[in-house]
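**Q** Quick one: the structure is below, questions incoming.
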Amino acid sequence: MFDKKTVLILGANSDVAKEMIILYIQQGYDVVAASRSTSALQDFLRAHNIGGDRVKVVYFDATAFATHRSFYESLPMKPAIVVYAAGFLKNNEEALRDWEGAYQMMNVHYCGAVSILNIIVTDTNNKALERVIGLSSLSGVRGRKSNFIYGSTKSAFTQYLAGLRQYLFSRGVRVHVVVAGYIRSKMTVGLDLPESLMLEPSFIARAAVGVRRAFIIVPGFKWKMIYHILRLLPEQLVARLP
């Protein structure tokens with residue numbers, strides 16, 4: 001059990017983030033669940049009989065950069081663990097033609113993350129901070145023609161976290177990135193994805209909450225193999241992938 005340590009989950013209405021709330025509560029943490037969808041989060045907590053004394057739901061918009069500092073300063077407790085789980089998906093063909101959709105992915109996955117995380121990690125008065133976890137995607141490992149706009153935003157986020165890990169090393173703050181494959185979630189509903197590769201949100205959540213030292217976490221044996229193959233595959237072969 002932990003002595004009143006707090007976890008801040010940004011983008012807490014994602015399916016993985018909601019599973020992480022349950023796991024952190026079970027481990028004795030208090031949770032600040034931050035999202036634009038506060039009513040949906042409240043419904044989730046009621047459905048799982050999670051009392052308001054353990055989880056505080058607050059409004060947070062990853063793309064409202066000007067509000068991020070006041071949001072952080074208004075937190076009831078400064079976090080020991082920060083999770084960035086905000087997500088937004090636009091079909092690649094649509095994103096190619098709809099700048100607003102592409103821009104939204106950039107803002108949610110990268111710009112919003114950099115904005116709020118910079119504020120959090122430069123608060124040297126928060127001696128409790130010990131861990132930062134970002135939920136990224138295997139789509140960001142190599143550029144592929146079917147999803148390179150979404151993938152580029154996740155790649156940028158992963159690289160930011162890699163540098164942040166180095167920046168915080170001397171303070172003993174650990175940084176991790178969950179590089180996930182296909183997740184059965186509300187974001188992937190309707191997509192034509194292979195059933196044999198689908199992962200449950202609870203599985204991803206357990207990998208994220210259970211992380212100890214590794215920077216990159218790739219949940220699932222099949223996805224670990226795909227991750228390493230993608231990294232090593234020659235560019236002329238990557239160009240033939242969907």
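Chain labels run A, B, ... following the order of the structure tokens; each chain numbers its residues from 1, and ligands are numbered from 1 in the order shown.
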Write out as number ranges by chain which residues come within 9 Å of Ala40 (chain A) when counting only C-alpha atoms, dropping same-chain ones fewer than 4 positions away.
**A** A: 13, 44-45
**Q** Write a file of the selected residues as an mmCIF file, in the first residue's frame, keeping N, CA, C and O atoms.
**A**
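Once everything was written out, this is again_37.cif:
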```
data_model
loop_
_atom_site.group_PDB
_atom_site.id
_atom_site.type_symbol
_atom_site.label_atom_id
_atom_site.label_comp_id
_atom_site.auth_asym_id
_atom_site.auth_seq_id
_atom_site.Cartn_x
_atom_site.Cartn_y
_atom_site.Cartn_z
ATOM 1 N N ASN A 13 -10.663 9.285 -19.983
ATOM 2 C CA ASN A 13 -11.840 8.594 -20.501
ATOM 3 C C ASN A 13 -11.503 7.562 -21.577
ATOM 4 O O ASN A 13 -12.396 6.894 -22.089
ATOM 5 N N PHE A 44 -18.765 5.826 -15.372
ATOM 6 C CA PHE A 44 -17.869 4.677 -15.254
ATOM 7 C C PHE A 44 -17.569 4.367 -13.792
ATOM 8 O O PHE A 44 -17.602 3.204 -13.367
ATOM 9 N N LEU A 45 -17.275 5.388 -13.015
ATOM 10 C CA LEU A 45 -16.944 5.182 -11.608
ATOM 11 C C LEU A 45 -18.139 4.628 -10.836
ATOM 12 O O LEU A 45 -17.991 3.731 -9.995
#
```
**Q** Kindly assemble as a tab-separated table a list of the region 109-195 of chain A residues that lie within 10 Å of region 217-227 of chain A, each paired with its nearest atom pair and their distance in Å to one decimal, using only C-alpha atoms, sorted first by chain and then by ascending residue number.
**A**
```
residue	atom	partner	partner_atom	distance
A:Leu135	CA	A:Ile217	CA	9.6
A:Ser136	CA	A:Ile217	CA	9.8
A:Ser137	CA	A:Val218	CA	9.1
A:Leu138	CA	A:Tyr227	CA	6.8
A:Ser139	CA	A:Tyr227	CA	9.6
A:Val141	CA	A:Tyr227	CA	7.5
A:Arg142	CA	A:Tyr227	CA	9.5
A:His176	CA	A:Ile217	CA	7.4
A:Val177	CA	A:Ile217	CA	6.2
A:Val178	CA	A:Ile217	CA	4.8
A:Val179	CA	A:Val218	CA	5.1
A:Ala180	CA	A:Val218	CA	5.8
A:Gly181	CA	A:Trp223	CA	6.2
A:Tyr182	CA	A:Trp223	CA	8.9
```
**Q** Taking a cut-off of 12 Å and counting only C-alpha atoms, can you build a table that, for each residue of region 63-168 of chain A near region 206-215 of chain A, reports the nearest atom pair and how far apart they are in Å (one decimal), sorted by chain then residue number, as a tab-separated table?
**A**
```
residue	atom	partner	partner_atom	distance
A:Ile81	CA	A:Val209	CA	10.0
A:Val82	CA	A:Val209	CA	11.0
A:Val83	CA	A:Ala208	CA	9.2
A:Tyr84	CA	A:Ala208	CA	11.2
A:Ala85	CA	A:Ala208	CA	10.8
A:Glu130	CA	A:Arg212	CA	11.2
A:Arg131	CA	A:Arg212	CA	9.5
A:Val132	CA	A:Phe215	CA	10.3
A:Ile133	CA	A:Ala208	CA	7.4
A:Gly134	CA	A:Ala208	CA	8.8
A:Leu135	CA	A:Ala208	CA	8.3
A:Ser136	CA	A:Ala208	CA	11.1
A:Thr158	CA	A:Phe215	CA	10.1
A:Gln159	CA	A:Phe215	CA	11.4
A:Leu161	CA	A:Phe215	CA	9.0
A:Ala162	CA	A:Phe215	CA	7.8
A:Gly163	CA	A:Phe215	CA	11.1
A:Leu164	CA	A:Phe215	CA	10.9
A:Arg165	CA	A:Phe215	CA	8.0
A:Gln166	CA	A:Phe215	CA	10.6
```
**Q** Rank nothing, just name the residue among A:Ala62, A:Ala33, A:Asp98, A:Glu73 nearest to Glu19 (chain A), using only C-alpha atoms.
**A**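 Once distances to Glu19 (chain A) are computed over only C-alpha atoms, the minimum belongs to A:Ala33.
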**Q** Write out as a ChimeraX atom specification all residues of region 99-177 of chain A that backbone DSSP assigns to strand (DSSP E).
**A** /A:131-137,174-177
